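Shown next, in structure tokens, is the structure this report addresses.
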Amino acid sequence: MRVVGLMSGTSYDAVDAAAADITADGGTLRVTPLGLVSAPWDDGLRALLAGALPPARTSLGDVCRLDTGIGRAFAAVAVRAVGELCAGRAELIASHGQTVHHWAEEGRVFGTLQLGEPAWIAEATGLPVVSGFRPRDVAAGGQGAPLVSLVDVLWLRSRPGVSVALNLGGIANLTAVPAAGEPVAFDTGPGNALMDAAVTELTGGRRTYDEDGALAAAGRVHEPLLARLSGDPYYRLPPPRTTGKELFHIGHVRRALEGVGPVAPADLLATLTALTARTVAAAVRPLGAAEVIASGGGTRNPVLMGMLRAELGGTALVTSDTLGLPAAAKEALAFAVLGFLTAHGVAGTLPSCTGARGARILGSLTPGRGPLRLPAVMPGDINSLSFTMR
């Protein structure tokens with residue numbers, strides 16, 4: 001089955017579409033990546049989205065406009081992916097949507113909201129769409145994140161020792177995959193979110209991220225500010241835990257700056273970059289990792305990667321590209337796999353990773369132009385599958 005996975009992360013810098021040819025053959029899930037297409041957000045839609053996210057307030061009218069606008073943006077990228085990557089022969093779309101709110105308090109998740117109406121995608125492509133992946137896990141008592149943990153486990157569980165898959169998106173998350181025993185997964189804290197928020201504020205919106213870590217490279221870490229930022233109670237919560245921009249936004253930085261005196265822009269970026277590196281490394285150390293395999297936009301920031309490598313000491317840090325999984329496409333590919341599993345009646349979560357009461361089949365299905373015809377249910381469960389990436 002040719003599946004297109006659609007993803008826009010918490011950095012909301014672009015909509016990514018990754019296509020894959022996925023088959024289940026004798027208990028082996030075979031995933032052949034077919035490529036990635038990506039499109040930046042329209043400036044007006046991105047501004048509307050930024051203006052609706054915490055700490056801003058919004059209206060139901062703006063929520064409706066965002067749901068429609070995001071759905072249409074995802075649909076446009078899906079059409080490209082079907083034509084350019086699948087030669088017009090895709091069979092399923094799996095759309096994560098855009099997370100706009102993740103309702104978490106004191107280690108418990110009460111709800112989650114992703115926008116991007118799937119009807120626009122189904123109408124534009126004529127294909128069935130799996131969407132709304134996170135709410136079912138939340139309803140089952142889980143964190144609803146990180147959902148890519150299941151794909152991480154399938155991908156890495158045959159490797160020796162403890163492998164840690166790390167995603168450096170707006171929020172950083174990891175999956176620890178031991179050779180034996182239960183995997184664990186959780187959000188470590190901010191990835192690029194605070195760096196992006198600071199650059200956006202410092203430049204009046206002219207820039208939205210620290211390209212190549214240039215600002216951070218020009219600065220020095222402000223240790224008193226780093227200590228204040230590192231003291232947030234979130235970092236002491238036990239896994240599984242999840243967070244988002246509801247906590248880690250520009251207001252979080254402003255509050256930490258109170259009482260530490262003026263901090264130069266470059267020093268602020270160096271400090272926020274160090275915060276991500278140190279909190280990620282602090283989360284990795286107790287896991288006994290033999291290797292950390294990173295993906296996501298943060299891997300393109302050499303200063304962040306250098307700081308993280310130094311914090312990890314002797315633990316190897318590589319990108320997922322070295323194992324055949326493109327770092328830029330990993331999350332979109334993961335949702336393509338999750339969509340495939342949903343269509344085949346297979347649960348897409350691991351309770352040890354999300355904290356849910358049990359594994360659940362994820363998402364809702366929106367029919368394409370024709371009748372909705374699902375493939376035969378796959379026998380067994382995710383624990384009985386092996387995984388190959390070709």
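Naming works like this for the structure tokens: A, B, ... for the chains as they're shown, residue 1 at the start of each chain, ligands 1 onward in shown order.
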
Mind dumping a table of every region 267-318 of chain A residue within 12 Å of region 152-155 of chain A, with the nearest atom pair and its distance in Å to one decimal, using only C-alpha atoms, sorted by chain and rising number, as CSV?
residue,atom,partner,partner_atom,distance
A:Val292,CA,A:Asp152,CA,11.9
A:Ile293,CA,A:Asp152,CA,10.1
A:Ala294,CA,A:Asp152,CA,11.2
A:Ser295,CA,A:Asp152,CA,11.3

Please list as a list in words every residue within 6 Å of region 368-383 of chain A, counting only C-alpha atoms and excluding residues in the same chain fewer than 3 positions away.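 In the requested format, the answer is Ala122, Gly126, Leu127, Pro128, His344 and Gly345 of chain A.
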
Quick one: everything within 9 Å of Ala81 (chain A), counting only C-alpha atoms, minus sequence neighbours fewer than 3 positions away in the same chain. Send it as number ranges by chain. A: 4, 17-19, 35-38, 76-78, 84-88, 90

List the neighbours of Leu49 (chain A) out to 9 Å using only C-alpha atoms; skip same-chain residues closer than 6 positions along the sequence, and give me the result as an MDAnalysis selection string. chainID A and resid 12 62:63 66 100

Let's have the selection written as a PDB file, in the first residue's frame, with C-alpha atoms.
ATOM      1  CA  TYR A  12       4.966  25.119  12.285  1.00  0.00           C
ATOM      2  CA  ASP A  62     -10.204  32.107  14.143  1.00  0.00           C
ATOM      3  CA  VAL A  63     -10.253  28.425  15.088  1.00  0.00           C
ATOM      4  CA  LEU A  66      -7.444  27.872  10.934  1.00  0.00           C
ATOM      5  CA  VAL A 100      -2.780  23.909  18.515  1.00  0.00           C
TER       6      VAL A 100
END

Taking 5 positions as the minimum chain separation for residues in the same chain, which residues sit within 8 Å of Pro240 (chain A) when counting only C-alpha atoms? Answer as a compact mmCIF listing (two decimals) with N, CA, C and O atoms, in the first residue's frame.
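Result file is part-v5.txt:
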# COMPACT_ATOMS: atom_id res chain seq x y z
N GLN A 143 -0.80 9.84 27.34
CA GLN A 143 -0.32 11.20 27.11
C GLN A 143 -0.64 11.70 25.71
O GLN A 143 -0.54 12.89 25.44
N VAL A 184 10.45 3.07 26.75
CA VAL A 184 9.83 4.25 27.35
C VAL A 184 9.96 5.41 26.37
O VAL A 184 10.89 5.44 25.56
N ALA A 185 9.03 6.36 26.47
CA ALA A 185 9.08 7.53 25.60
C ALA A 185 8.47 8.72 26.33
O ALA A 185 7.55 8.55 27.15
N PHE A 186 8.98 9.90 26.06
CA PHE A 186 8.44 11.11 26.70
C PHE A 186 9.03 12.35 26.04
O PHE A 186 10.05 12.29 25.34
N ASP A 187 8.36 13.48 26.27
CA ASP A 187 8.88 14.78 25.86
C ASP A 187 9.90 15.23 26.90
O ASP A 187 9.59 15.30 28.10
N SER A 352 3.57 1.35 27.46
CA SER A 352 4.74 1.75 28.24
C SER A 352 5.31 3.08 27.78
O SER A 352 6.04 3.75 28.52
N CYS A 353 4.96 3.48 26.56
CA CYS A 353 5.47 4.74 26.01
C CYS A 353 4.52 5.91 26.24
O CYS A 353 4.97 7.04 26.44
N THR A 354 3.21 5.67 26.19
CA THR A 354 2.26 6.78 26.34
C THR A 354 1.56 6.77 27.69
O THR A 354 0.93 7.76 28.06
N GLY A 355 1.62 5.66 28.43
CA GLY A 355 0.95 5.59 29.71
C GLY A 355 -0.52 5.22 29.64
O GLY A 355 -1.22 5.27 30.65

Using DSSP secondary structure from the backbone, list all strand (DSSP E or B) positions within region 99-310 of chain A, as a ChimeraX atom specification. /A:99-105,108-115,129-131,163-168,171-177,184-190,291-295

Restricting the output to N, CA and C atoms, write the selected residues as a short mmCIF file (atom, residue, chain, number, x, y, z; two decimals), in the first residue's frame.
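File out02.cif, as written:
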data_model
loop_
_atom_site.label_atom_id
_atom_site.label_comp_id
_atom_site.auth_asym_id
_atom_site.auth_seq_id
_atom_site.Cartn_x
_atom_site.Cartn_y
_atom_site.Cartn_z
N THR A 99 -1.02 20.56 15.71
CA THR A 99 -1.39 20.67 17.12
C THR A 99 -1.47 22.14 17.51
N VAL A 100 -2.61 22.53 18.05
CA VAL A 100 -2.78 23.91 18.52
C VAL A 100 -2.96 23.98 20.02
N HIS A 101 -3.30 22.84 20.65
CA HIS A 101 -3.37 22.83 22.11
C HIS A 101 -3.24 21.40 22.62
N HIS A 102 -2.41 21.25 23.64
CA HIS A 102 -2.24 19.95 24.31
C HIS A 102 -2.47 20.23 25.80
N TRP A 103 -3.62 19.80 26.29
CA TRP A 103 -4.09 20.15 27.63
C TRP A 103 -3.47 19.20 28.65
N ALA A 104 -2.34 19.63 29.23
CA ALA A 104 -1.62 18.82 30.19
C ALA A 104 -1.47 19.59 31.49
N GLU A 105 -1.75 18.92 32.60
CA GLU A 105 -1.61 19.53 33.92
C GLU A 105 -1.06 18.48 34.89
N ARG A 108 -0.62 14.90 33.77
CA ARG A 108 -1.76 14.20 33.17
C ARG A 108 -2.27 15.00 31.98
N VAL A 109 -2.66 14.30 30.91
CA VAL A 109 -3.22 14.95 29.73
C VAL A 109 -4.73 14.75 29.73
N PHE A 110 -5.45 15.86 29.59
CA PHE A 110 -6.91 15.82 29.62
C PHE A 110 -7.53 15.94 28.22
N GLY A 111 -6.77 16.47 27.27
CA GLY A 111 -7.29 16.62 25.92
C GLY A 111 -6.20 17.12 25.00
N THR A 112 -6.46 17.00 23.71
CA THR A 112 -5.49 17.45 22.72
C THR A 112 -6.27 17.89 21.48
N LEU A 113 -5.78 18.92 20.79
CA LEU A 113 -6.50 19.45 19.64
C LEU A 113 -5.55 19.66 18.48
N GLN A 114 -5.84 18.95 17.38
CA GLN A 114 -5.12 19.14 16.12
C GLN A 114 -6.10 19.67 15.08
N LEU A 115 -5.72 20.73 14.38
CA LEU A 115 -6.56 21.31 13.34
C LEU A 115 -6.05 20.92 11.96
N VAL A 129 -8.65 9.26 4.18
CA VAL A 129 -7.71 9.95 5.06
C VAL A 129 -7.89 9.45 6.48
N VAL A 130 -6.78 9.03 7.10
CA VAL A 130 -6.77 8.76 8.53
C VAL A 130 -6.26 10.03 9.22
N SER A 131 -6.98 10.50 10.21
CA SER A 131 -6.58 11.71 10.93
C SER A 131 -6.96 11.56 12.39
N SER A 163 19.11 1.83 22.47
CA SER A 163 19.11 2.89 21.47
C SER A 163 18.07 3.94 21.86
N VAL A 164 18.43 5.20 21.72
CA VAL A 164 17.51 6.30 22.01
C VAL A 164 17.26 7.07 20.72
N ALA A 165 16.00 7.08 20.29
CA ALA A 165 15.61 7.91 19.15
C ALA A 165 15.18 9.27 19.69
N LEU A 166 15.78 10.32 19.17
CA LEU A 166 15.54 11.68 19.65
C LEU A 166 14.99 12.53 18.52
N ASN A 167 13.87 13.19 18.77
CA ASN A 167 13.33 14.14 17.80
C ASN A 167 13.51 15.56 18.33
N LEU A 168 14.24 16.38 17.58
CA LEU A 168 14.49 17.77 17.97
C LEU A 168 13.58 18.68 17.15
N ILE A 171 9.23 20.89 20.28
CA ILE A 171 9.41 20.19 21.54
C ILE A 171 10.29 18.97 21.26
N ALA A 172 11.21 18.67 22.16
CA ALA A 172 12.09 17.51 22.00
C ALA A 172 11.46 16.30 22.67
N ASN A 173 11.49 15.17 21.99
CA ASN A 173 11.00 13.94 22.60
C ASN A 173 11.93 12.80 22.26
N LEU A 174 11.88 11.76 23.07
CA LEU A 174 12.75 10.61 22.85
C LEU A 174 12.00 9.31 23.08
N THR A 175 12.52 8.26 22.48
CA THR A 175 12.09 6.90 22.74
C THR A 175 13.33 6.08 23.06
N ALA A 176 13.31 5.43 24.23
CA ALA A 176 14.42 4.56 24.62
C ALA A 176 14.02 3.12 24.34
N VAL A 177 14.83 2.45 23.53
CA VAL A 177 14.50 1.10 23.06
C VAL A 177 15.58 0.14 23.55
N VAL A 184 10.45 3.07 26.75
CA VAL A 184 9.83 4.25 27.35
C VAL A 184 9.96 5.41 26.37
N ALA A 185 9.03 6.36 26.47
CA ALA A 185 9.08 7.53 25.60
C ALA A 185 8.47 8.72 26.33
N PHE A 186 8.98 9.90 26.06
CA PHE A 186 8.44 11.11 26.70
C PHE A 186 9.03 12.35 26.04
N ASP A 187 8.36 13.48 26.27
CA ASP A 187 8.88 14.78 25.86
C ASP A 187 9.90 15.23 26.90
N THR A 188 11.10 15.56 26.45
CA THR A 188 12.12 16.01 27.40
C THR A 188 11.91 17.47 27.80
N GLY A 189 11.31 18.26 26.93
CA GLY A 189 11.12 19.69 27.16
C GLY A 189 11.25 20.42 25.84
N PRO A 190 11.71 21.67 25.87
CA PRO A 190 11.81 22.41 24.61
C PRO A 190 12.90 21.86 23.71
N GLU A 291 23.60 4.70 22.19
CA GLU A 291 23.60 5.61 21.05
C GLU A 291 22.35 6.49 21.10
N VAL A 292 22.48 7.69 20.59
CA VAL A 292 21.34 8.59 20.42
C VAL A 292 21.23 8.90 18.93
N ILE A 293 20.05 8.63 18.38
CA ILE A 293 19.83 8.79 16.95
C ILE A 293 18.84 9.92 16.76
N ALA A 294 19.31 11.05 16.25
CA ALA A 294 18.52 12.28 16.24
C ALA A 294 17.89 12.53 14.88
N SER A 295 16.73 13.18 14.92
CA SER A 295 16.04 13.64 13.71
C SER A 295 15.35 14.95 14.04
#

Nearest-residue call for Leu341 (chain A), choices A:Glu201, A:Ala75, A:Tyr234, A:Met1, using only C-alpha atoms: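 Checking each of A:Glu201, A:Ala75, A:Tyr234, A:Met1 against Leu341 (chain A), counting only C-alpha atoms, the winner is A:Met1.
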
What is the distance between CA of Asn192 (chain A) and CA of Val260 (chain A), in Å to one decimal?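 Straight-line distance from CA of Asn192 (chain A) to CA of Val260 (chain A) works out to 22.6 Å.
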
Looking at only C-alpha atoms, which of A:Ala227, A:Leu269, A:Ile93, A:Ala47 is the one that sits closest to Leu338 (chain A)?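 Nearest candidate to Leu338 (chain A) out of A:Ala227, A:Leu269, A:Ile93, A:Ala47: A:Ile93.
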
Atomic distance CA of Gly44 (chain A) - CA of Gly298 (chain A), expressed in Å with one decimal: 24.8 Å

Check the smallest atom-to-atom distance from each of A:Met389, A:Leu45, A:Met307, A:Val337 to Ser320 (chain A) using only C-alpha atoms, then report the winner.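 For Ser320 (chain A), the nearest of the candidates is A:Met389.
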
Could you pull the residues within 10 Å of Arg285 (chain A), counting only C-alpha atoms, minus those fewer than 3 positions along the same chain, as a ChimeraX atom specification? /A:280-282,288-289,311-313,315

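Counting from CA of Arg254 (chain A), the distance to CA of Ala310 (chain A) is 27.4 Å.
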